[in-house]
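Pasted below: my_file_29.txt, compact mmCIF, C-alpha atoms and all ligand atoms.
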# COMPACT_ATOMS: atom_id res chain seq x y z
CA MET A 430 82.94 68.17 -11.12
CA THR A 431 81.78 65.52 -8.77
CA ASP A 432 83.36 64.70 -5.49
CA THR A 433 86.24 62.29 -5.43
CA PRO A 434 84.92 58.76 -5.94
CA ALA A 435 85.13 56.45 -2.98
CA ASP A 436 87.53 53.73 -3.92
CA PRO A 437 90.14 55.27 -6.17
CA SER A 438 90.55 58.12 -3.68
CA THR A 439 91.85 55.67 -1.10
CA PRO A 440 95.12 54.33 -2.40
CA THR A 441 95.69 51.14 -0.53
CA SER A 442 99.14 50.31 0.67
CA ASP A 443 99.44 48.04 -2.36
CA ALA A 444 98.39 50.75 -4.73
CA LEU A 445 101.03 53.04 -3.32
CA HIS A 446 103.68 50.40 -3.81
CA GLN A 447 102.76 50.06 -7.43
CA ARG A 448 104.82 52.17 -9.74
CA PRO A 449 103.65 52.76 -13.28
CA GLY A 450 107.09 51.47 -14.25
CA ALA A 451 106.51 48.06 -12.74
CA ALA A 452 105.17 45.38 -15.06
CA GLY A 453 101.43 45.55 -15.39
CA THR A 454 100.96 48.39 -12.93
CA GLY A 455 100.41 51.29 -15.30
CA PRO A 456 97.36 53.47 -14.95
CA ALA A 457 94.10 51.68 -15.58
CA PRO A 458 92.67 52.21 -19.05
CA GLY A 459 90.48 55.25 -19.08
CA SER A 460 92.09 56.74 -16.00
CA ALA A 461 94.90 58.46 -17.87
CA PRO A 462 95.59 62.09 -17.06
CA ALA A 463 93.10 64.56 -18.49
CA SER A 464 95.47 65.62 -21.22
CA ASP A 465 96.61 64.43 -24.61
CA ALA A 466 99.75 62.90 -23.10
CA PRO A 467 100.51 59.32 -24.13
CA ALA A 468 99.89 56.61 -21.54
CA PRO A 469 102.54 56.72 -18.80
CA GLN A 470 105.73 54.99 -19.83
CA PRO A 471 107.98 52.99 -17.54
CA SER A 472 111.09 54.95 -16.67
CA PRO A 473 114.35 53.03 -17.10
CA ARG A 474 115.66 55.04 -14.16
CA ARG A 475 112.81 54.17 -11.80
CA ARG A 476 114.13 52.76 -8.57
CA ALA A 477 112.44 50.95 -5.78
CA ALA A 478 112.51 53.17 -2.70
CA HIS A 479 112.88 50.52 0.00
CA ASP A 480 111.88 51.14 3.58
CA ALA A 481 111.68 54.85 2.96
CA PRO A 482 110.37 56.48 6.16
CA PHE A 483 108.66 59.16 4.06
CA LEU A 484 106.65 56.59 2.11
CA ALA A 485 105.76 54.61 5.24
CA ALA A 486 104.41 57.72 6.97
CA ALA A 487 102.50 58.77 3.86
CA ARG A 488 100.91 55.32 3.58
CA GLY A 489 99.95 54.98 7.21
CA GLU A 490 102.61 52.37 7.97
CA ARG A 491 105.12 52.60 10.81
CA PRO A 492 108.29 54.36 9.61
CA SER A 493 111.72 53.26 10.89
CA ARG A 494 112.26 56.87 11.96
CA ARG A 495 110.13 60.01 11.80
CA PRO A 496 110.68 61.41 8.29
CA VAL A 497 111.67 65.05 7.87
CA TRP A 498 112.35 67.40 4.98
CA MET A 499 111.92 71.16 4.69
CA MET A 500 110.25 73.28 2.06
CA ARG A 501 112.98 75.42 0.44
CA GLN A 502 115.65 73.19 1.96
CA ALA A 503 117.57 73.75 -1.27
CA GLY A 504 118.49 77.36 -1.69
CA ARG A 505 119.96 80.42 -0.18
CA SER A 506 120.49 79.13 3.37
CA LEU A 507 123.31 76.93 1.97
CA PRO A 508 126.73 78.35 1.05
CA GLU A 509 127.21 75.51 -1.46
CA TYR A 510 124.00 76.68 -3.20
CA ARG A 511 125.14 80.29 -3.39
CA GLU A 512 128.42 79.04 -4.80
CA ILE A 513 126.93 76.92 -7.59
CA ARG A 514 124.39 79.61 -8.48
CA ARG A 515 127.02 82.31 -8.93
CA GLY A 516 126.59 83.74 -12.43
CA THR A 517 123.62 81.50 -13.29
CA GLY A 518 120.06 82.83 -13.34
CA MET A 519 117.43 81.03 -11.28
CA LEU A 520 115.44 79.74 -14.26
CA GLU A 521 118.61 78.90 -16.18
CA ALA A 522 119.61 76.73 -13.19
CA CYS A 523 116.18 75.04 -13.25
CA PHE A 524 116.69 74.05 -16.91
CA THR A 525 120.29 72.82 -16.48
CA PRO A 526 120.06 69.14 -15.45
CA GLU A 527 123.46 68.97 -13.69
CA ILE A 528 122.77 72.07 -11.59
CA LEU A 529 119.22 70.95 -10.90
CA ALA A 530 120.41 67.57 -9.62
CA GLU A 531 123.31 68.97 -7.59
CA VAL A 532 121.23 71.67 -5.87
CA THR A 533 118.48 69.15 -5.13
CA MET A 534 121.01 66.83 -3.46
CA GLN A 535 122.91 69.46 -1.44
CA PRO A 536 120.51 69.65 1.54
CA VAL A 537 119.92 65.88 1.46
CA ARG A 538 123.62 65.20 1.94
CA ARG A 539 124.15 67.96 4.47
CA HIS A 540 121.12 67.30 6.71
CA ASP A 541 120.45 63.58 6.09
CA ALA A 542 116.97 64.51 4.84
CA ASP A 543 114.44 61.76 4.22
CA ALA A 544 113.25 63.51 1.08
CA ALA A 545 114.76 65.60 -1.66
CA ILE A 546 112.53 68.28 -3.17
CA LEU A 547 113.14 68.84 -6.85
CA PHE A 548 114.97 72.11 -7.41
CA SER A 549 112.63 73.94 -9.71
CA ASP A 550 110.04 76.65 -9.38
CA ILE A 551 106.31 76.90 -9.81
CA VAL A 552 106.77 79.06 -12.93
CA VAL A 553 109.04 76.49 -14.67
CA PRO A 554 106.22 74.86 -16.68
CA LEU A 555 105.00 78.30 -17.79
CA LYS A 556 108.51 79.31 -18.83
CA ALA A 557 108.99 75.98 -20.61
CA ALA A 558 105.73 76.53 -22.50
CA GLY A 559 106.96 79.91 -23.74
CA VAL A 560 105.26 82.33 -21.32
CA ASP A 561 107.29 85.52 -20.84
CA VAL A 562 108.23 85.03 -17.18
CA ASP A 563 111.49 85.43 -15.31
CA ILE A 564 112.59 85.12 -11.71
CA VAL A 565 114.10 88.39 -10.57
CA ALA A 566 116.59 88.17 -7.71
CA GLY A 567 115.17 89.57 -4.48
CA ARG A 568 111.67 89.75 -5.91
CA GLY A 569 110.47 86.46 -7.38
CA PRO A 570 108.55 85.59 -10.55
CA VAL A 571 107.78 88.54 -12.85
CA VAL A 572 105.50 88.17 -15.89
CA GLY A 573 106.20 90.34 -18.97
CA HIS A 574 102.62 90.47 -20.20
CA PRO A 575 100.10 89.93 -17.36
CA VAL A 576 97.04 87.83 -18.18
CA ARG A 577 93.87 89.91 -17.76
CA THR A 578 91.62 89.44 -20.80
CA ALA A 579 89.90 86.60 -22.63
CA ALA A 580 92.43 87.01 -25.45
CA ASP A 581 95.30 86.67 -22.94
CA VAL A 582 93.77 83.47 -21.59
CA ALA A 583 93.19 82.08 -25.08
CA ALA A 584 96.85 82.71 -25.90
CA LEU A 585 98.15 80.71 -22.90
CA PRO A 586 100.04 77.64 -24.13
CA THR A 587 99.88 74.19 -22.52
CA VAL A 588 103.32 72.83 -21.75
CA THR A 589 104.44 69.76 -23.72
CA GLU A 590 106.50 66.83 -22.53
CA ASP A 591 109.38 67.77 -24.85
CA GLN A 592 109.63 71.23 -23.32
CA LEU A 593 110.24 69.61 -19.93
CA ALA A 594 113.07 67.33 -21.10
CA PRO A 595 115.77 69.08 -18.97
CA VAL A 596 113.66 68.54 -15.83
CA VAL A 597 113.30 64.84 -16.68
CA GLU A 598 117.06 64.56 -17.16
CA GLY A 599 117.70 66.33 -13.85
CA ILE A 600 115.31 63.95 -12.06
CA GLY A 601 117.32 61.02 -13.44
CA GLY A 602 120.47 62.53 -11.95
CA VAL A 603 118.88 62.87 -8.51
CA LEU A 604 117.45 59.36 -8.52
CA GLY A 605 120.88 57.99 -9.30
CA GLU A 606 122.26 59.57 -6.13
CA LEU A 607 119.55 59.02 -3.53
CA ARG A 608 119.81 56.17 -1.05
CA PRO A 609 116.98 53.65 -1.34
CA ASP A 610 115.47 54.95 1.91
CA GLN A 611 115.35 58.52 0.60
CA VAL A 612 112.68 59.78 -1.78
CA LEU A 613 112.42 62.49 -4.39
CA ILE A 614 109.42 64.79 -4.18
CA GLY A 615 108.35 66.50 -7.38
CA PHE A 616 106.01 69.45 -7.28
CA ALA A 617 103.90 71.98 -9.11
CA GLY A 618 102.24 75.27 -8.26
CA ALA A 619 98.46 74.96 -8.21
CA PRO A 620 96.34 76.95 -10.67
CA PHE A 621 95.23 79.65 -8.19
CA THR A 622 98.81 80.46 -7.18
CA LEU A 623 99.98 80.41 -10.80
CA ALA A 624 96.99 82.55 -11.79
CA SER A 625 97.97 85.09 -9.15
CA TYR A 626 101.46 85.57 -10.63
CA LEU A 627 100.03 85.71 -14.16
CA ILE A 628 97.30 88.25 -13.33
CA GLU A 629 99.25 90.43 -10.89
CA GLY A 630 102.37 90.28 -13.06
CA GLY A 631 104.52 89.36 -10.05
CA PRO A 632 104.47 88.74 -6.30
CA SER A 633 101.49 90.34 -4.61
CA ARG A 634 100.66 91.08 -0.99
CA ASN A 635 96.87 91.05 -1.27
CA HIS A 636 96.20 89.36 -4.64
CA GLU A 637 93.61 92.05 -5.32
CA ARG A 638 93.68 91.92 -9.12
CA THR A 639 93.37 88.14 -8.99
CA LYS A 640 90.39 88.21 -6.65
CA ALA A 641 88.82 91.11 -8.54
CA LEU A 642 88.97 89.13 -11.77
CA ALA A 643 87.42 86.07 -10.11
CA TYR A 644 84.65 88.10 -8.46
CA SER A 645 83.86 90.35 -11.45
CA ASP A 646 84.18 87.90 -14.33
CA PRO A 647 83.68 84.30 -13.16
CA ASP A 648 83.58 83.01 -16.74
CA LEU A 649 87.01 84.45 -17.46
CA TRP A 650 88.27 83.10 -14.14
CA HIS A 651 87.08 79.59 -14.94
CA ALA A 652 88.53 79.87 -18.44
CA LEU A 653 91.91 80.76 -16.93
CA MET A 654 91.79 77.92 -14.39
CA THR A 655 90.71 75.54 -17.17
CA ALA A 656 93.64 76.70 -19.29
CA LEU A 657 96.20 76.30 -16.48
CA THR A 658 95.07 72.93 -15.14
CA PRO A 659 96.44 70.81 -18.04
CA THR A 660 99.85 72.45 -17.68
CA VAL A 661 99.91 71.65 -13.95
CA ILE A 662 98.82 68.07 -14.68
CA ARG A 663 101.43 67.68 -17.43
CA PHE A 664 104.20 69.04 -15.21
CA LEU A 665 103.28 66.58 -12.44
CA THR A 666 102.73 63.54 -14.65
CA VAL A 667 105.98 64.13 -16.54
CA GLN A 668 107.75 64.12 -13.16
CA ALA A 669 105.86 60.97 -12.12
CA GLU A 670 106.90 59.25 -15.32
CA ALA A 671 110.49 60.35 -14.77
CA GLY A 672 110.43 58.51 -11.44
CA VAL A 673 109.69 60.93 -8.60
CA ASP A 674 108.43 59.11 -5.50
CA ALA A 675 105.80 61.67 -4.46
CA VAL A 676 104.48 65.05 -5.57
CA GLN A 677 103.48 68.16 -3.70
CA LEU A 678 100.92 70.60 -5.07
CA PHE A 679 101.71 74.06 -3.69
CA ASP A 680 98.73 76.40 -3.55
CA SER A 681 100.81 78.85 -1.57
CA TRP A 682 98.50 81.87 -1.73
CA VAL A 683 95.07 80.22 -1.68
CA GLY A 684 94.70 81.07 2.02
CA HIS A 685 93.69 84.54 0.84
CA LEU A 686 90.30 83.11 -0.17
CA SER A 687 87.29 82.41 2.02
CA VAL A 688 86.28 78.79 2.23
CA ARG A 689 83.16 79.47 0.14
CA ASP A 690 85.17 81.09 -2.63
CA TYR A 691 87.81 78.36 -2.45
CA ASP A 692 85.13 75.75 -2.97
CA ARG A 693 83.70 77.51 -6.03
CA LEU A 694 86.77 78.98 -7.63
CA VAL A 695 89.56 76.51 -6.89
CA ALA A 696 88.52 73.12 -5.52
CA PRO A 697 87.19 71.64 -8.81
CA TYR A 698 90.56 72.15 -10.50
CA THR A 699 92.57 70.84 -7.56
CA ARG A 700 90.39 67.74 -7.49
CA ARG A 701 90.98 67.22 -11.21
CA ILE A 702 94.75 67.43 -10.66
CA PHE A 703 94.77 64.84 -7.87
CA GLU A 704 92.57 62.56 -9.97
CA ALA A 705 95.05 62.80 -12.84
CA VAL A 706 98.04 61.93 -10.63
CA ARG A 707 96.34 59.14 -8.67
CA PRO A 708 96.90 56.43 -11.34
CA TYR A 709 100.66 56.82 -10.85
CA GLY A 710 100.31 55.37 -7.35
CA ILE A 711 102.63 57.87 -5.68
CA PRO A 712 101.64 59.86 -2.58
CA THR A 713 100.33 63.36 -3.17
CA ILE A 714 100.83 66.27 -0.75
CA HIS A 715 98.85 69.51 -0.71
CA PHE A 716 100.01 72.71 0.99
CA GLY A 717 99.11 76.37 1.23
CA VAL A 718 99.96 79.22 3.59
CA GLY A 719 97.34 80.62 5.98
CA THR A 720 94.93 77.81 5.15
CA GLY A 721 93.66 77.02 8.66
CA GLU A 722 90.08 77.74 7.62
CA LEU A 723 90.49 75.81 4.35
CA LEU A 724 92.23 72.68 5.63
CA GLY A 725 89.16 70.45 5.52
CA THR A 726 88.00 71.64 2.11
CA MET A 727 91.50 71.31 0.68
CA ALA A 728 91.90 67.81 2.15
CA ALA A 729 88.58 66.79 0.57
CA THR A 730 90.08 67.41 -2.90
CA GLY A 731 92.00 64.14 -2.52
CA PRO A 732 95.65 64.43 -1.35
CA ASP A 733 97.24 61.63 0.68
CA VAL A 734 99.15 64.10 2.87
CA MET A 735 97.98 67.53 4.05
CA GLY A 736 100.65 70.15 4.64
CA VAL A 737 99.86 72.48 7.52
CA ASP A 738 101.38 75.91 8.08
CA TRP A 739 102.54 76.91 11.57
CA ARG A 740 99.39 78.76 12.56
CA VAL A 741 97.33 75.68 13.49
CA PRO A 742 98.48 72.99 15.96
CA LEU A 743 98.74 69.66 14.14
CA ASP A 744 96.19 67.90 16.35
CA THR A 745 93.66 70.68 15.70
CA ALA A 746 94.48 70.56 11.97
CA ALA A 747 94.03 66.78 11.97
CA GLY A 748 90.55 67.11 13.47
CA ARG A 749 89.51 69.48 10.67
CA VAL A 750 91.04 67.34 7.95
CA ALA A 751 89.65 64.03 9.24
CA GLU A 752 86.13 65.39 9.69
CA ALA A 753 86.03 66.81 6.17
CA VAL A 754 87.46 63.69 4.53
CA ARG A 755 85.08 61.39 6.42
CA SER A 756 82.11 63.54 5.52
CA VAL A 757 82.94 63.05 1.82
CA ASP A 758 83.62 59.32 2.18
CA PRO A 759 83.59 57.54 5.57
CA SER A 760 85.61 54.63 4.14
CA ARG A 761 88.49 56.78 2.97
CA GLN A 762 91.73 56.60 4.98
CA VAL A 763 92.44 59.96 6.60
CA PRO A 764 95.48 61.79 5.17
CA ALA A 765 98.87 61.98 6.87
CA LEU A 766 99.98 65.40 8.10
CA GLN A 767 103.08 67.32 7.10
CA GLY A 768 104.43 70.23 9.12
CA ASN A 769 104.59 72.58 10.89
CA LEU A 770 107.50 74.38 12.59
CA ASP A 771 107.41 78.16 12.21
CA PRO A 772 110.53 78.93 10.11
CA ALA A 773 111.21 81.88 12.43
CA VAL A 774 111.77 79.48 15.35
CA LEU A 775 115.06 78.52 13.66
CA PHE A 776 116.37 81.95 14.74
CA ALA A 777 115.31 81.54 18.39
CA GLY A 778 118.17 79.40 19.76
CA ASP A 779 118.57 75.69 20.44
CA ASP A 780 116.31 75.52 23.50
CA ALA A 781 113.37 77.09 21.69
CA VAL A 782 113.99 74.91 18.64
CA ARG A 783 113.98 71.71 20.73
CA ARG A 784 110.85 72.76 22.61
CA HIS A 785 108.93 73.50 19.42
CA VAL A 786 110.12 70.35 17.63
CA ASP A 787 109.08 68.21 20.61
CA ARG A 788 105.70 69.94 20.89
CA ILE A 789 104.96 69.42 17.19
CA CYS A 790 105.92 65.73 17.34
CA ALA A 791 103.67 65.29 20.39
CA GLU A 792 100.75 67.04 18.67
CA ALA A 793 101.21 64.84 15.61
CA ASP A 794 101.42 61.68 17.71
CA HIS A 795 98.23 62.71 19.48
CA ALA A 796 96.45 63.10 16.12
CA VAL A 797 97.71 59.70 14.90
CA GLU A 798 96.72 57.94 18.15
CA ARG A 799 93.26 59.49 17.92
CA GLY A 800 92.90 58.13 14.37
CA ASP A 801 92.68 61.59 12.79
CA ALA A 802 95.94 61.28 10.81
CA ARG A 803 97.59 58.26 9.20
CA GLY A 804 101.12 59.49 9.92
CA HIS A 805 103.42 62.48 10.35
CA ILE A 806 106.08 63.92 8.08
CA PHE A 807 107.98 66.67 9.87
CA ASN A 808 108.45 69.91 7.93
CA LEU A 809 108.37 73.65 8.43
CA GLY A 810 105.12 75.59 8.30
CA HIS A 811 106.48 77.32 5.16
CA GLY A 812 109.88 77.56 3.47
CA VAL A 813 113.34 77.94 5.01
CA LEU A 814 114.13 81.68 5.33
CA PRO A 815 117.27 82.74 3.42
CA ASP A 816 119.27 83.85 6.50
CA THR A 817 118.74 80.61 8.44
CA ASP A 818 121.89 79.02 9.90
CA PRO A 819 122.25 75.64 8.12
CA ASP A 820 123.69 74.07 11.29
CA VAL A 821 120.45 74.83 13.12
CA ILE A 822 118.59 73.06 10.31
CA THR A 823 120.85 70.02 10.69
CA ARG A 824 120.10 69.93 14.43
CA VAL A 825 116.34 69.97 13.72
CA PHE A 826 116.75 66.94 11.45
CA GLU A 827 118.72 65.15 14.19
CA ARG A 828 116.14 66.00 16.85
CA VAL A 829 113.23 64.82 14.72
CA HIS A 830 115.03 61.58 13.90
CA ALA A 831 115.56 60.96 17.61
CA ARG A 832 111.83 61.30 18.36
O1 LIG A 901 117.77 83.00 -7.02
C1 LIG A 901 117.18 82.41 -6.09
O2 LIG A 901 117.79 81.63 -5.36
C2 LIG A 901 115.75 82.79 -5.94
C3 LIG A 901 115.03 82.16 -4.80
C4 LIG A 901 114.16 81.00 -5.23
C5 LIG A 901 114.43 79.64 -5.01
C6 LIG A 901 115.60 79.03 -4.31
C7 LIG A 901 112.99 81.08 -5.98
C8 LIG A 901 112.37 82.30 -6.50
N1 LIG A 901 112.50 79.80 -6.19
C9 LIG A 901 113.35 78.91 -5.60
C10 LIG A 901 113.25 77.44 -5.64
C11 LIG A 901 111.96 76.86 -5.32
N2 LIG A 901 110.73 77.41 -5.54
C12 LIG A 901 111.80 75.57 -4.79
C13 LIG A 901 112.99 74.66 -4.61
C14 LIG A 901 113.01 73.48 -3.87
C15 LIG A 901 113.02 73.67 -2.35
O3 LIG A 901 111.95 73.81 -1.76
O4 LIG A 901 114.11 73.54 -1.77
C16 LIG A 901 110.42 75.37 -4.64
C17 LIG A 901 109.69 74.18 -4.09
C18 LIG A 901 109.77 76.54 -5.12
C19 LIG A 901 108.32 76.69 -5.23
C20 LIG A 901 107.77 78.05 -5.23
N3 LIG A 901 108.20 79.14 -5.94
C21 LIG A 901 106.59 78.41 -4.56
C22 LIG A 901 105.77 77.45 -3.75
C23 LIG A 901 106.39 77.27 -2.42
C24 LIG A 901 106.27 78.44 -1.49
O5 LIG A 901 107.31 79.00 -1.13
O6 LIG A 901 105.14 78.80 -1.13
C25 LIG A 901 106.32 79.73 -4.81
C26 LIG A 901 105.18 80.57 -4.29
C27 LIG A 901 107.34 80.19 -5.68
C28 LIG A 901 107.45 81.54 -6.25
C29 LIG A 901 108.77 82.14 -5.94
N4 LIG A 901 109.91 81.76 -6.57
C30 LIG A 901 110.97 82.48 -6.07
C31 LIG A 901 110.46 83.35 -5.06
C32 LIG A 901 111.27 84.31 -4.27
C33 LIG A 901 109.09 83.11 -4.98
C34 LIG A 901 108.09 83.76 -4.02
C35 LIG A 901 107.81 85.18 -4.42
C36 LIG A 901 106.59 85.73 -3.76
O7 LIG A 901 106.69 86.18 -2.60
O8 LIG A 901 105.50 85.70 -4.39

Translate the structure described by the file into structure tokens.
Amino acid sequence: MTDTPADPSTPTSDALHQRPGAAGTGPAPGSAPASDAPAPQPSPRRRAAHDAPFLAAARGERPSRRPVWMMRQAGRSLPEYREIRRGTGMLEACFTPEILAEVTMQPVRRHDADAAILFSDIVVPLKAAGVDVDIVAGRGPVVGHPVRTAADVAALPTVTEDQLAPVVEGIGGVLGELRPDQVLIGFAGAPFTLASYLIEGGPSRNHERTKALAYSDPDLWHALMTALTPTVIRFLTVQAEAGVDAVQLFDSWVGHLSVRDYDRLVAPYTRRIFEAVRPYGIPTIHFGVGTGELLGTMAATGPDVMGVDWRVPLDTAAGRVAEAVRSVDPSRQVPALQGNLDPAVLFAGDDAVRRHVDRICAEADHAVERGDARGHIFNLGHGVLPDTDPDVITRVFERVHAR
């Protein structure tokens, strides 16, 4: 894989306004996703997100207010979520369009969020493709037959558009409810994080089987990443065609790798994914936990927005990101930053919450003024913890909007 080419990696403001659904703005010939999917089709449900603060910040324009959303804003912190989920399995909920749309909208209504995040899970495309995976309450994704041999890799299916029809229908439901200044973010798990669940068979503290496979049998590792990448691309492009306004690629556990290993084992596939989504003209976000040392290398794979966990101050993160992006292509606009309140701060009382929110906004502003970030989207440094008081979350949204 070569590095991201200069021009296409720098979506201009115009390019970001273009939706594949608008007349004559579909992906350029030859730049279609690296899959056998048909050329992107206009979505009858595609809306124009006008004056959306999220989009302005992602493009490097001045937003009418500082945009804020939270990873895992939909979910167990909300009583209305626990209510609607009663008696319905997690994956069943992800494949039921009405539940998907309702759960996605719940935090947007309650907190006046600037973005909805699609209620789904990173294992949804694997499940849709027929992989034996379930989400076990209190544990997370569990894989019936872990992937550890060449035969296992060869047997991995690539998800098809038809298998994702319920997700497309759910997206339509959300788009019908959002205000024009609110956006819908679609997402996918990145191949490393998916590979970890597939190899380990479930959540893992140290990802030792995953790393052992990569270190002992690089050919098998690359075969697995090569097999997973088209499913990730298909999941994202199907969401883009259904009308999402942005996508986030979660490589949640990639911070367990050294930067050298990340570059060899992961970056080529991530780059391929961002290249495949770029023709859709929607902002891309990239995020992983514990990625302080990887921020520059991750940013160089091509996202428009870099998510930062809470361990690195945003102005420090911006320096790392900007330096890496400029070293690949000095003409490329530096990414915007997303982050990075420690989710545990939400348990520390209103004074601490205000102090940390204000500090983070100041660090982001410093980075933007210095020219090391094109904008700031406020978020947590990882997902909302299940026991968080939803009223505290609402007050964070209010505080950020006042800044
Ligand atoms: O029954 C339940 O409510 C189970 C809890 C739950 C929820 C609410 C899981 C199981 N997934 C989800 C939804 C989910 N997953 C969203 C919804 C939208 C939102 O953010 O509001 C998103 C974006 C995800 C993505 C996801 N799933 C990631 C990437 C983000 C991250 O947290 O780093 C990962 C790693 C997963 C795997 C997963 N799914 C569920 C759990 C408990 C886990 C983590 C398990 C582990 O520790 O490995």

Item to check | Selection within 6 Å of ligand LIG 901 (chain A) by all atoms listed in the file, output as a list of chain:residue names | outcome: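 Checked against 6 Å with all atoms listed in the file; the hits are A:Met500, A:Arg501, A:Gln502, A:Ala503, A:Gly504, A:Arg505, A:Met519, A:Ile546, A:Leu547, A:Phe548, A:Ser549, A:Asp550, A:Ile551, A:Ile564, A:Ala566, A:Arg568, A:Gly569, A:Pro570, A:Pro632, A:Phe679, A:Ser681, A:Gly812.
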
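The spacing separating CA of Ser633 in chain A from CA of Pro659 in chain A amounts to 24.2 Å.
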
Given only C-alpha atoms as the counted atoms, nearest of A:Pro575, A:Gly516, A:Gly731, A:Pro496 to Glu629 in chain A: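 The answer is A:Pro575, which sits nearest to Glu629 in chain A.
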
From the list A:Arg828, A:Arg663, A:His811, A:Arg803, which residue is nearest Ala486 in chain A when using all atoms listed in the file?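 Result for the nearest residue to Ala486 in chain A: A:Arg803.
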
CA of Pro482 in chain A to CA of Ala522 in chain A measures 29.5 Å

#### Entry: Pick from A:Leu766, A:Val695, A:Val560, A:Leu529 nearest to Thr660 in chain A, counting all atoms listed in the file
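Of A:Leu766, A:Val695, A:Val560, A:Leu529, the one nearest Thr660 in chain A is A:Val560, counting all atoms listed in the file.
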
Atom-to-atom span, CA of Phe616 in chain A and CA of Gln668 in chain A, Å: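 Going from CA of Phe616 in chain A over to CA of Gln668 in chain A covers 8.1 Å.
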